[in-house]
Structure formats: structure tokens, C-alpha cells
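S.K.: My structure is in start_6.txt, and what it holds is compact mmCIF, C-alpha atoms:
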```txt
# COMPACT_ATOMS: atom_id res chain seq x y z
CA MET A 1 67.29 104.26 94.29
CA THR A 2 65.46 101.23 95.63
CA LYS A 3 66.90 97.75 95.94
CA ASP A 4 64.68 96.26 93.20
CA CYS A 5 64.83 99.10 90.66
CA ILE A 6 66.35 98.43 87.24
CA VAL A 7 69.55 100.26 86.32
CA GLU A 8 71.55 100.49 83.12
CA ILE A 9 75.16 99.37 83.52
CA ASN A 10 78.34 99.59 81.50
CA LEU A 11 78.68 95.87 80.75
CA GLU A 12 82.22 96.37 79.48
CA ARG A 13 83.27 97.21 83.03
CA LEU A 14 82.10 93.81 84.23
CA HIS A 15 84.05 92.08 81.45
CA TYR A 16 87.05 94.23 82.36
CA LEU A 17 86.94 93.04 85.99
CA LEU A 18 86.93 89.41 84.87
CA ARG A 19 90.04 90.04 82.77
CA LEU A 20 91.69 92.06 85.53
CA TYR A 21 91.13 89.39 88.17
CA ASN A 22 91.71 86.47 85.79
CA LEU A 23 88.25 84.99 86.38
CA SER A 24 86.43 82.84 83.87
CA VAL A 25 82.70 83.34 83.38
CA GLY A 26 82.11 80.00 85.08
CA GLU A 27 84.22 80.93 88.12
CA PHE A 28 82.47 84.26 88.41
CA LEU A 29 79.00 82.72 88.22
CA ALA A 30 79.95 80.11 90.82
CA MET A 31 80.97 82.89 93.22
CA LEU A 32 77.86 84.89 92.43
CA ASN A 33 75.54 81.94 93.04
CA SER A 34 77.27 80.62 96.14
CA GLY A 35 74.80 80.52 99.06
CA HIS A 36 71.77 81.24 96.87
CA LYS A 37 69.00 78.73 96.17
CA ARG A 38 68.42 79.75 92.57
CA ALA A 39 71.47 79.88 90.35
CA LEU A 40 71.61 82.74 87.87
CA ASN A 41 72.74 81.90 84.35
CA ARG A 42 75.01 83.83 82.03
CA GLU A 43 72.18 85.51 80.14
CA GLU A 44 70.63 86.83 83.36
CA VAL A 45 73.90 88.36 84.55
CA PHE A 46 75.64 89.64 81.44
CA THR A 47 73.02 92.18 80.45
CA ASN A 48 72.99 95.94 80.00
CA GLU A 49 70.14 96.32 82.48
CA MET A 50 69.81 94.62 85.85
CA SER A 51 68.17 95.03 89.23
CA MET A 52 69.92 96.98 91.95
CA ALA A 53 69.78 93.81 94.08
CA LEU A 54 71.79 91.89 91.48
CA LEU A 55 74.25 94.74 91.06
CA LYS A 56 74.89 94.80 94.80
CA ARG A 57 75.33 91.03 94.73
CA ILE A 58 77.96 91.41 92.01
CA ASP A 59 79.75 94.14 93.91
CA LYS A 60 80.08 91.93 96.99
CA ILE A 61 82.64 90.05 94.89
CA PHE A 62 84.56 93.02 93.51
CA ASN A 63 84.01 95.81 96.09
CA LYS A 64 84.27 98.56 93.50
CA GLY A 65 81.17 100.50 94.57
CA ILE A 66 77.85 100.65 92.74
CA TYR A 67 78.72 103.71 90.70
CA TYR A 68 81.67 101.93 89.12
CA TYR A 69 79.26 99.83 87.01
CA ILE A 70 77.01 102.68 85.93
CA ASP A 71 79.95 104.83 84.81
CA PHE A 72 80.11 104.82 81.01
CA THR A 73 83.60 106.27 80.83
CA PRO A 74 85.79 103.84 78.83
CA VAL A 75 88.15 101.74 80.93
CA SER A 76 91.79 101.55 79.86
CA GLN A 77 93.13 98.06 79.26
CA GLY A 78 96.64 98.83 78.05
CA SER A 79 99.84 97.79 79.80
CA HIS A 80 99.87 101.13 81.64
CA ALA A 81 96.49 100.39 83.24
CA SER A 82 97.48 97.49 85.50
CA ILE A 83 100.35 95.24 86.44
CA PHE A 84 98.00 92.36 85.54
CA PHE A 85 98.15 93.52 81.92
CA ARG A 86 101.92 94.06 82.02
CA LYS A 87 102.81 90.68 83.52
CA GLN A 88 101.27 87.34 82.63
CA SER A 89 102.72 85.32 85.51
CA PHE A 90 103.79 86.04 89.07
CA ASN A 91 105.86 84.42 91.78
CA GLY A 92 102.92 82.32 92.96
CA GLN A 93 99.29 81.75 92.02
CA LEU A 94 97.32 84.81 93.12
CA ASN A 95 93.88 84.36 94.62
CA LEU A 96 91.03 86.82 94.09
CA GLU A 97 91.67 88.68 97.35
CA ALA A 98 95.31 89.17 96.35
CA ARG A 99 94.34 90.58 92.96
CA LYS A 100 91.81 92.89 94.59
CA MET A 101 94.46 94.08 97.04
CA VAL A 102 96.92 94.83 94.23
CA ASP A 103 94.23 96.65 92.24
CA LYS A 104 93.33 98.72 95.30
CA PHE A 105 96.87 100.01 95.73
CA GLU A 106 97.48 100.43 92.02
CA THR A 107 94.34 102.58 91.91
CA LEU A 108 95.70 104.57 94.86
CA LYS A 109 99.03 104.97 93.04
CA ASN A 110 97.25 106.34 89.96
CA THR A 111 95.23 108.70 92.15
CA LEU A 112 98.39 110.02 93.82
CA ASP A 113 100.04 110.45 90.43
CA THR A 114 97.06 112.55 89.35
CA TYR A 115 97.25 114.65 92.53
CA ASN A 116 100.94 115.30 91.91
CA VAL A 117 100.36 116.32 88.30
CA LEU A 118 97.57 118.72 89.28
CA ALA A 119 99.70 120.11 92.12
CA ASP A 120 102.62 120.53 89.69
CA VAL A 121 104.84 118.10 91.62
CA SER A 122 107.21 115.74 89.83
CA PHE A 123 109.34 112.89 91.15
CA GLU A 124 112.66 111.74 89.80
CA ARG A 125 114.26 108.38 90.57
CA GLN A 126 116.74 108.81 93.39
CA LEU A 127 118.06 105.24 93.34
CA PRO A 128 121.01 104.27 91.15
CA SER A 129 120.19 101.67 88.50
CA PHE A 130 121.20 98.06 89.11
CA THR A 131 120.54 94.67 87.51
CA VAL A 132 120.71 91.06 88.68
CA LYS A 133 124.21 90.96 87.20
CA ASP A 134 125.36 93.29 89.97
CA ASN A 135 126.56 91.85 93.27
CA PRO A 136 123.57 91.97 95.66
CA ARG A 137 125.74 92.37 98.75
CA GLU A 138 127.60 95.33 97.26
CA THR A 139 124.34 96.78 95.97
CA ALA A 140 122.87 96.50 99.47
CA ARG A 141 125.89 98.39 100.83
CA VAL A 142 125.29 101.24 98.37
CA ILE A 143 121.56 101.45 99.11
CA SER A 144 122.23 101.22 102.85
CA GLY A 145 124.38 104.32 102.49
CA LEU A 146 121.62 106.18 100.66
CA LEU A 147 119.11 105.21 103.35
CA LYS A 148 121.57 106.07 106.13
CA MET A 149 120.62 102.75 107.72
CA ARG A 150 121.04 102.44 111.48
CA SER A 151 119.77 100.00 114.06
CA HIS A 152 116.78 100.52 116.35
CA LYS A 153 116.00 98.57 119.46
CA ASP A 154 112.30 98.26 118.62
CA GLU A 155 111.24 96.38 115.48
CA LYS A 156 108.37 98.74 114.70
CA ASP A 157 110.63 101.77 115.10
CA HIS A 158 113.04 100.15 112.66
CA LEU A 159 110.20 99.54 110.21
CA LYS A 160 109.00 103.15 110.47
CA PHE A 161 112.56 104.38 109.99
CA ILE A 162 113.06 102.45 106.75
CA ILE A 163 109.64 103.47 105.40
CA ASN A 164 110.39 107.14 105.99
CA GLN A 165 113.96 106.94 104.71
CA LEU A 166 112.51 105.49 101.50
CA ALA A 167 110.06 108.42 101.47
CA LYS A 168 113.06 110.74 101.16
CA LEU A 169 113.98 108.84 97.99
CA ASN A 170 110.44 109.35 96.59
CA ILE A 171 109.38 105.75 97.22
CA TYR A 172 105.91 105.14 98.63
CA VAL A 173 105.56 102.27 101.12
CA PHE A 174 102.08 101.13 102.17
CA GLU A 175 101.05 98.48 104.66
CA PHE A 176 97.86 96.49 104.27
CA VAL A 177 96.16 94.93 107.27
CA GLU A 178 94.07 91.76 107.28
CA THR A 179 92.26 91.02 110.52
CA PHE A 180 92.79 87.59 112.07
CA ASN A 181 89.09 86.76 111.69
CA LYS A 182 88.76 87.80 108.05
CA LYS A 183 87.25 84.89 106.13
CA GLN A 184 88.89 85.47 102.75
CA LYS A 185 92.54 86.52 102.94
CA SER A 186 94.95 87.43 100.18
CA ASN A 187 97.80 85.00 99.56
CA VAL A 188 100.49 87.64 99.04
CA GLU A 189 102.75 89.38 101.51
CA GLY A 190 104.25 92.08 99.32
CA PHE A 191 104.53 93.61 95.89
CA PHE A 192 106.33 96.28 93.92
CA ILE A 193 104.58 98.45 91.34
CA ALA A 194 106.88 100.49 89.12
CA PRO A 195 108.25 102.99 89.42
CA ASN A 196 107.99 103.77 93.13
CA VAL A 197 105.32 101.88 95.09
CA ILE A 198 106.02 99.08 97.59
CA VAL A 199 103.20 97.38 99.49
CA VAL A 200 103.72 94.95 102.38
CA LYS A 201 101.38 93.01 104.65
CA ARG A 202 101.43 93.98 108.32
CA GLN A 203 102.82 90.94 110.12
CA GLN A 204 101.62 91.66 113.64
CA GLY A 205 103.77 89.64 116.01
CA ARG A 206 106.20 88.81 113.17
CA LEU A 207 107.62 92.20 112.21
CA LYS A 208 110.97 90.62 111.31
CA ARG A 209 109.21 88.84 108.46
CA GLU A 210 107.58 92.09 107.35
CA LEU A 211 110.95 93.85 107.42
CA PHE A 212 112.44 91.13 105.24
CA THR A 213 109.51 91.42 102.81
CA LEU A 214 109.96 95.19 102.63
CA ALA A 215 113.68 94.82 101.94
CA HIS A 216 112.97 92.13 99.32
CA GLU A 217 110.46 94.36 97.50
CA LEU A 218 112.97 97.20 97.68
CA GLY A 219 115.29 94.83 95.83
CA HIS A 220 112.68 94.63 93.06
CA CYS A 221 112.51 98.42 93.07
CA VAL A 222 116.29 98.70 92.83
CA ILE A 223 116.39 96.52 89.69
CA ASN A 224 113.00 97.88 88.53
CA VAL A 225 111.28 94.51 88.10
CA GLU A 226 107.63 94.44 89.13
CA GLU A 227 106.35 91.49 91.16
CA VAL A 228 103.47 90.33 93.37
CA GLU A 229 104.39 87.50 95.73
CA ASN A 230 104.85 85.76 99.02
CA VAL A 231 108.36 86.34 100.33
CA SER A 232 110.04 83.68 102.42
CA ASP A 233 113.07 84.02 104.67
CA GLU A 234 113.30 80.21 104.67
CA LEU A 235 115.21 77.86 102.42
CA SER A 236 113.31 77.55 99.13
CA SER A 237 113.96 75.58 95.99
CA GLY A 238 113.20 76.59 92.44
CA LEU A 239 113.65 80.32 92.96
CA SER A 240 114.31 82.40 89.86
CA GLU A 241 117.51 84.38 89.45
CA ILE A 242 115.59 87.56 90.29
CA GLU A 243 114.07 86.13 93.48
CA LYS A 244 117.43 84.83 94.68
CA TRP A 245 118.97 88.24 94.00
CA CYS A 246 116.25 90.07 95.91
CA ASN A 247 116.55 87.68 98.86
CA ASP A 248 120.32 88.18 98.95
CA PHE A 249 119.89 91.94 98.70
CA ALA A 250 117.28 91.98 101.50
CA PHE A 251 119.45 89.89 103.80
CA TYR A 252 122.56 92.04 103.44
CA LEU A 253 120.65 95.33 103.56
CA LEU A 254 119.12 94.44 106.92
CA MET A 255 122.20 92.71 108.34
CA GLY A 256 124.60 95.54 107.59
CA ASP A 257 127.98 95.14 109.29
CA GLU A 258 126.72 92.21 111.37
CA ALA A 259 127.02 90.05 108.24
CA VAL A 260 130.79 90.11 108.68
CA LYS A 261 130.40 87.89 111.75
CA LEU A 262 128.91 85.19 109.55
CA ASP A 263 131.93 85.37 107.28
CA GLY A 264 134.05 84.25 110.21
CA LEU A 265 131.93 81.21 110.98
CA LYS A 266 133.35 77.98 109.55
CA TYR A 267 130.51 75.57 110.28
CA VAL A 268 127.42 75.36 112.49
CA ASN A 269 126.17 72.11 114.02
CA ALA A 270 125.18 70.48 117.30
CA LYS A 271 128.80 70.51 118.52
CA ASN A 272 128.79 74.30 118.78
CA ASP A 273 125.07 74.46 119.72
CA TYR A 274 124.32 75.83 116.25
CA ALA A 275 125.98 79.11 117.34
CA HIS A 276 122.63 79.88 118.98
CA ASP A 277 123.71 82.72 121.27
CA MET A 278 125.68 84.46 118.54
CA ILE A 279 122.89 84.22 116.00
CA LYS A 280 120.25 85.33 118.49
CA GLY A 281 122.39 88.36 119.28
CA MET A 282 122.70 89.17 115.58
CA SER A 283 118.95 88.73 115.12
CA ASP A 284 118.18 91.07 118.03
CA ALA A 285 120.62 93.68 116.72
CA THR A 286 119.41 93.68 113.11
CA HIS A 287 115.78 92.46 113.32
CA VAL A 288 116.60 89.75 110.80
CA SER A 289 114.95 86.53 111.94
CA MET A 290 117.11 83.73 113.26
CA LEU A 291 115.57 81.53 110.58
CA ALA A 292 116.77 83.89 107.85
CA ILE A 293 120.29 83.81 109.29
CA TYR A 294 120.31 80.02 109.45
CA THR A 295 119.00 79.96 105.88
CA ARG A 296 121.99 82.06 104.82
CA LEU A 297 124.34 79.59 106.51
CA VAL A 298 122.85 76.72 104.49
CA ILE A 299 123.18 78.75 101.27
CA GLU A 300 126.84 79.35 102.12
CA LYS A 301 127.27 75.62 102.90
CA LYS A 302 128.11 76.30 106.51
CA MET A 303 125.22 74.19 107.81
CA SER A 304 123.72 70.93 106.65
CA GLN A 305 120.12 70.74 105.46
CA ASP A 306 119.35 68.11 108.10
CA ASP A 307 120.57 70.39 110.88
CA TYR A 308 118.67 73.28 109.29
CA ALA A 309 115.44 71.24 109.30
CA LEU A 310 115.96 70.44 112.99
CA VAL A 311 116.61 74.07 113.95
CA ARG A 312 113.76 75.33 111.75
CA GLY A 313 111.35 72.93 113.47
CA GLY A 314 112.23 74.37 116.86
CA ILE A 315 111.90 77.98 115.67
CA MET A 316 108.53 77.40 113.99
CA ALA A 317 107.22 75.58 117.08
CA ASN A 318 108.05 78.68 119.15
CA VAL A 319 106.30 80.89 116.60
CA ARG A 320 103.17 78.74 116.74
CA ARG A 321 103.17 78.73 120.55
CA ALA A 322 103.48 82.51 120.66
CA GLU A 323 100.62 82.91 118.18
CA GLU A 324 98.40 80.48 120.08
CA LYS A 325 99.16 82.31 123.32
CA ARG A 326 98.11 85.64 121.77
CA LYS A 327 94.86 84.14 120.51
CA GLN A 328 94.11 82.47 123.85
CA GLU A 329 94.79 85.68 125.79
CA ALA A 330 92.43 87.53 123.46
CA LYS A 331 89.80 84.81 123.96
CA ASP A 332 90.19 84.98 127.74
CA GLY A 333 89.93 88.76 127.71
CA LYS A 334 93.50 89.26 128.93
CA SER A 335 94.44 91.14 125.76
CA VAL A 336 92.68 92.67 122.79
CA MET A 337 93.57 91.50 119.29
CA SER A 338 92.64 94.81 117.70
CA SER A 339 93.55 95.53 114.11
CA PRO A 340 96.80 97.50 113.93
CA ARG A 341 96.83 100.83 112.12
CA PRO A 342 99.03 100.88 109.02
CA ILE A 343 102.13 103.04 109.21
CA ILE A 344 101.60 106.21 107.14
CA SER A 345 104.63 107.05 105.04
CA ASN A 346 105.81 110.65 105.26
CA LEU A 347 105.71 110.73 101.45
CA PHE A 348 102.04 109.73 101.42
CA ARG A 349 101.23 112.35 104.05
CA ASP A 350 103.23 115.03 102.21
CA THR A 351 101.50 114.22 98.91
CA MET A 352 98.10 114.60 100.54
CA GLN A 353 99.15 117.82 102.27
CA CYS A 354 100.37 119.33 99.00
CA ALA A 355 97.18 118.32 97.19
CA LEU A 356 95.09 119.90 99.97
CA TYR A 357 97.08 123.14 100.16
CA ARG A 358 96.98 123.62 96.39
CA GLY A 359 93.25 123.03 96.17
CA VAL A 360 93.43 119.70 94.34
CA ILE A 361 91.41 117.92 97.07
CA ASP A 362 89.15 118.97 99.92
CA GLU A 363 89.41 118.18 103.61
CA ALA A 364 87.01 115.24 103.37
CA THR A 365 89.16 113.55 100.71
CA PHE A 366 92.29 114.28 102.75
CA CYS A 367 90.83 112.50 105.79
CA GLN A 368 89.41 109.64 103.74
CA GLN A 369 92.68 108.86 101.97
CA LEU A 370 94.75 108.98 105.16
CA ASN A 371 91.99 107.21 107.12
CA VAL A 372 91.94 109.83 109.86
CA LYS A 373 88.99 111.35 111.69
CA PRO A 374 88.31 115.02 110.87
CA GLU A 375 88.92 116.01 114.50
CA ARG A 376 92.46 114.55 114.24
CA MET A 377 93.22 116.19 110.91
CA GLU A 378 95.48 118.86 112.46
CA ALA A 379 97.93 116.16 113.55
CA TYR A 380 98.59 115.36 109.87
CA LEU A 381 99.09 118.93 108.69
```
Since I need it in another form, could you write the structure as C-alpha cells?

M.R.:
Amino acid sequence: MTKDCIVEINLERLHYLLRLYNLSVGEFLAMLNSGHKRALNREEVFTNEMSMALLKRIDKIFNKGIYYYIDFTPVSQGSHASIFFRKQSFNGQLNLEARKMVDKFETLKNTLDTYNVLADVSFERQLPSFTVKDNPRETARVISGLLKMRSHKDEKDHLKFIINQLAKLNIYVFEFVETFNKKQKSNVEGFFIAPNVIVVKRQQGRLKRELFTLAHELGHCVINVEEVENVSDELSSGLSEIEKWCNDFAFYLLMGDEAVKLDGLKYVNAKNDYAHDMIKGMSDATHVSMLAIYTRLVIEKKMSQDDYALVRGGIMANVRRAEEKRKQEAKDGKSVMSSPRPIISNLFRDTMQCALYRGVIDEATFCQQLNVKPERMEAYL
């Protein structure tokens, strides 16, 4: 199939992508024509037949693969098809990259569901049911017991532990990685897709933030409320009841028994050095950021907002310096800023193993889905 040959496409699939990604025709055409001398008009693009060159140009926006557009199978547009058809608004304005990221993992979820059906595997919810009317601290205590939460010295080990404890409760957790030099980045850090998929952004160098995002999205899973969002461990105004609940749940889940120490604090200010040593010790023990702990103190009216702003400024300055140091070391050749590999959940691995053993997929699909080289396949069996 040559670049300039004419192909017949399923035009409905192009319209579907515009609805899925919330793009107007004008926005889509602007993206399509960006960087090109001659601007294509609506009539030239929205046609049942087009050149392969134009089709490839379109797919640079959506990354669905050429065969997606020449597939005449009807596309489902009901509420079961996508979270974007189930929810009209999200906790933040999602950019195109964010919507593409969500669609990617929702497609993976649907694929895994199909594998499980064909392999005659069924999942039942292992979590008790809660609502925002339940006490988030008490709820966190219950879920902590189910997860058999325990501390780990290394942040990444702690992250792996939680991901694989959730796997035992039939909850998939996926990380997505965006390289530091990627031009277009998604503006979300995590999301929950019902009934059992959590996706978080790998926060290389800031794993405490990723842990908090994971715990926050678990909160959404616990109360079964889907969301796509940026999660902040900082003081935020205008949060909904659900977002406040999930933040409270995340904080107490990760803090565990260490939270009791905060109960004993009366007030934090310059006179007691903002309880720096105590809070740093708690942060090291739980992998909850110092900023998140100070945020909790403001919420509990044990610290003024002025003092919080001062402390936050110092913390964020340290974060920026550390990030600049990493970038400079990479530039000088002292370190390599390679893209980290996402953590593979045991549940994801087990699903792929079962599908392979029962003949639902072949070895090539197994390696492709887990992103492993064929020569390393044995390590995942």
C-alpha cells in the first residue's frame, strides 16, 4: 500500500474520535494543518475516500493505527464504551494527550476483560462498599487491614508492595511514563476506571507524590466513583466533597499509626521550628511528603496559612533544585535520564499468563502487552 494510494475509510470512526476526545471540527483541522503550507478544508478531510498520506497525517493526532480507520465494524458509543461518555466533566480540563492516555488504558481494560471471559476467569469485588458519608480515616483503617499495609524503607519497594497487594484484591494498577523530553504531555496524574482499574503517572524523583496519587485513586475505587484528574498533596481550595474525602482517605491510608503523632501536636510555628525533625521522621517512615503532612496540619487548624506558605516555599525550592541537578547531571554525562520501566502488577502478569496458557493469546501478544522481549519471556511465566 503506497503512500499516495486512495483508501476507503469508515468516516464514522473519525467522527467518533472527535466526540471521544471532545474536539470540534475546527480544533481538529487546526491540528491537522499545523506546520503545513496548504490548509485542508472540511470537505477534503471528511470524506469516505482519502489518500494514504492524509490518513497517516490524521493518525499522527490520534495514534490509533491505520487499520482503525479502514475497519467497518460499528463503534460503540454507549456509556459502557468510555468514561468520556459516562461523565461529562472531570476534576480539571483534560488536554488531548490526557484523553488519549485514558482511552489507551480503557482499551487495555476492555482487552483484559475479553481475555478473562475467554479464559473463563471472573473477578468479584473484594473491597467493602463505602460512601463519602463514611469516615475516611476509619475507612482507611479498614482498607489498610485488607492490604496488610506495612512500611518499607525504599519508596519504590513501598509502591510495588501496594500495587501487588491491590492485585490480590483483583484491582489492576498501571503506571504510565512520559519522558522528560516529550513535547506534548498529558495534564493528568491519575485516574480510576470502574470497577477495578487505577492508572497513575510515574513520578520519577517524586515517588511520594505518586504514592499519594495511587492512594487517592484507590479512594475513588473504594467509593466506586470514576475520575480523571491531577491529584495534589498541597492545600487546595474549591475541592468537591468527593475529592476532599479521597485526599483524607489517601493521607490516613499511607500514614497509618504515624498519624497518631499528629493528634498530639497542638500547634506548629516558628517557635517550635515547625516541628521539622518530627515531621521529616514521619515522612521518611511513611513515604508521605512533608508537604502533605503540613497540609494536614493546616486543615486541622494546627498551622497558619502564612506559615504554611513559608514552609511550602522552602520545600518546593528544594524540589526544584533537585530536579535541576538531575537534569544538569544528565546534560554533563554524569547520569543518564533514561525512561523508567513501569511496574507490572502481578494481576496484569497473571491475566496474561492465564490467557496464554489457555490458548486465548499467542506468545507474540503476551510479549507485546507486557512490553517484554521474547528472550526474556521466561521471566514472566

S.K.: For atom CA of A:Cys246 and atom CA of A:Arg137, determine how far apart the two atoms are, in Å to one decimal place.

M.R.: 10.2 Å

S.K.: When you count all atoms listed in the file, which of these residues is closest to A:Asp103: A:Val199, A:Val25, A:Asp134, A:Lys148?

M.R.: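 Closest to A:Asp103, using all atoms listed in the file: A:Val199.
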
S.K.: When distances are computed from all atoms listed in the file, which of A:Ile70, A:Val177, A:Leu96, A:Leu55 shows the smallest separation from A:Glu8?

M.R.: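 Of A:Ile70, A:Val177, A:Leu96, A:Leu55, the one nearest A:Glu8, counting all atoms listed in the file, is A:Ile70.
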
S.K.: Would you please work out which residue, of A:Cys354, A:Leu159, A:Met52, A:Leu254, is nearest to A:Asn116 when using all atoms listed in the file?

M.R.: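 So, comparing all the options, the nearest one is A:Cys354.
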
S.K.: Name the residues within 12 Å of (98.2, 94.0, 84.3), counting all atoms listed in the file in the file's coordinates, and put them as a PyMOL selection string.

M.R.: chain A and resi 16-17+19-22+76-90+99+102-103+106+193-194+226-228

S.K.: Quick one: residues within 7 Å of A:Thr286, all atoms listed in the file counted, chain neighbours fewer than 4 positions away excluded, as number ranges by chain?

M.R.: A: 151, 254-255, 282

S.K.: Set the distance at 8 Å and use all atoms listed in the file: which residues neighbour A:Lys302 once local chain neighbours fewer than 2 positions away are removed? I'd like the list as a list in words.

M.R.: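 Once the nearby chain positions are removed, what remains is Leu265, Lys266, Tyr267, Val268, Leu297, Val298, Ile299, Glu300 and Ser304 of chain A.
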
S.K.: How big is the axis-aligned box around the listed atoms of stretch 3-17 of chain A once 5 Å is added on each side, and where is its centre? Give both in Å to one decimal, as AutoDock Vina command-line options.

M.R.:
```
--center_x 75.9 --center_y 96.3 --center_z 87.7 --size_x 32.4 --size_y 18.4 --size_z 26.5
```

S.K.: Save stretch 82-133 of chain A to a file: C-alpha atoms, as a compact mmCIF listing (two decimals), in the first residue's frame.

M.R.:
```txt
# COMPACT_ATOMS: atom_id res chain seq x y z
CA SER A 82 -15.86 5.01 27.52
CA ILE A 83 -15.63 7.03 30.69
CA PHE A 84 -15.89 10.09 28.40
CA PHE A 85 -19.44 9.03 27.58
CA ARG A 86 -20.28 8.23 31.21
CA LYS A 87 -19.00 11.50 32.68
CA GLN A 88 -19.45 14.97 31.21
CA SER A 89 -16.99 16.80 33.46
CA PHE A 90 -13.81 15.90 35.32
CA ASN A 91 -11.68 17.30 38.10
CA GLY A 92 -9.79 19.56 35.70
CA GLN A 93 -9.79 20.40 31.99
CA LEU A 94 -8.28 17.44 30.14
CA ASN A 95 -5.98 18.08 27.21
CA LEU A 96 -5.82 15.83 24.15
CA GLU A 97 -2.84 13.83 25.43
CA ALA A 98 -4.70 13.13 28.67
CA ARG A 99 -7.77 11.89 26.80
CA LYS A 100 -5.59 9.70 24.60
CA MET A 101 -3.89 8.27 27.67
CA VAL A 102 -7.23 7.45 29.31
CA ASP A 103 -8.52 5.86 26.09
CA LYS A 104 -5.35 3.77 25.83
CA PHE A 105 -5.82 2.23 29.26
CA GLU A 106 -9.57 1.89 28.91
CA THR A 107 -8.94 -0.05 25.69
CA LEU A 108 -6.44 -2.21 27.59
CA LYS A 109 -9.03 -2.78 30.33
CA ASN A 110 -11.59 -3.93 27.76
CA THR A 111 -9.00 -6.22 26.18
CA LEU A 112 -8.17 -7.80 29.54
CA ASP A 113 -11.87 -8.24 30.28
CA THR A 114 -12.21 -10.10 26.98
CA TYR A 115 -9.20 -12.30 27.79
CA ASN A 116 -10.72 -13.17 31.16
CA VAL A 117 -14.08 -14.05 29.64
CA LEU A 118 -12.48 -16.28 27.01
CA ALA A 119 -10.26 -17.89 29.67
CA ASP A 120 -13.34 -18.44 31.87
CA VAL A 121 -11.99 -16.22 34.66
CA SER A 122 -14.28 -13.97 36.68
CA PHE A 123 -13.49 -11.31 39.28
CA GLU A 124 -15.60 -10.34 42.24
CA ARG A 125 -15.21 -7.11 44.21
CA GLN A 126 -13.09 -7.79 47.27
CA LEU A 127 -13.42 -4.32 48.78
CA PRO A 128 -16.26 -3.48 51.18
CA SER A 129 -18.59 -0.76 49.92
CA PHE A 130 -18.21 2.76 51.30
CA THR A 131 -19.55 6.23 50.52
CA VAL A 132 -18.42 9.78 51.23
CA LYS A 133 -20.71 9.69 54.25
```
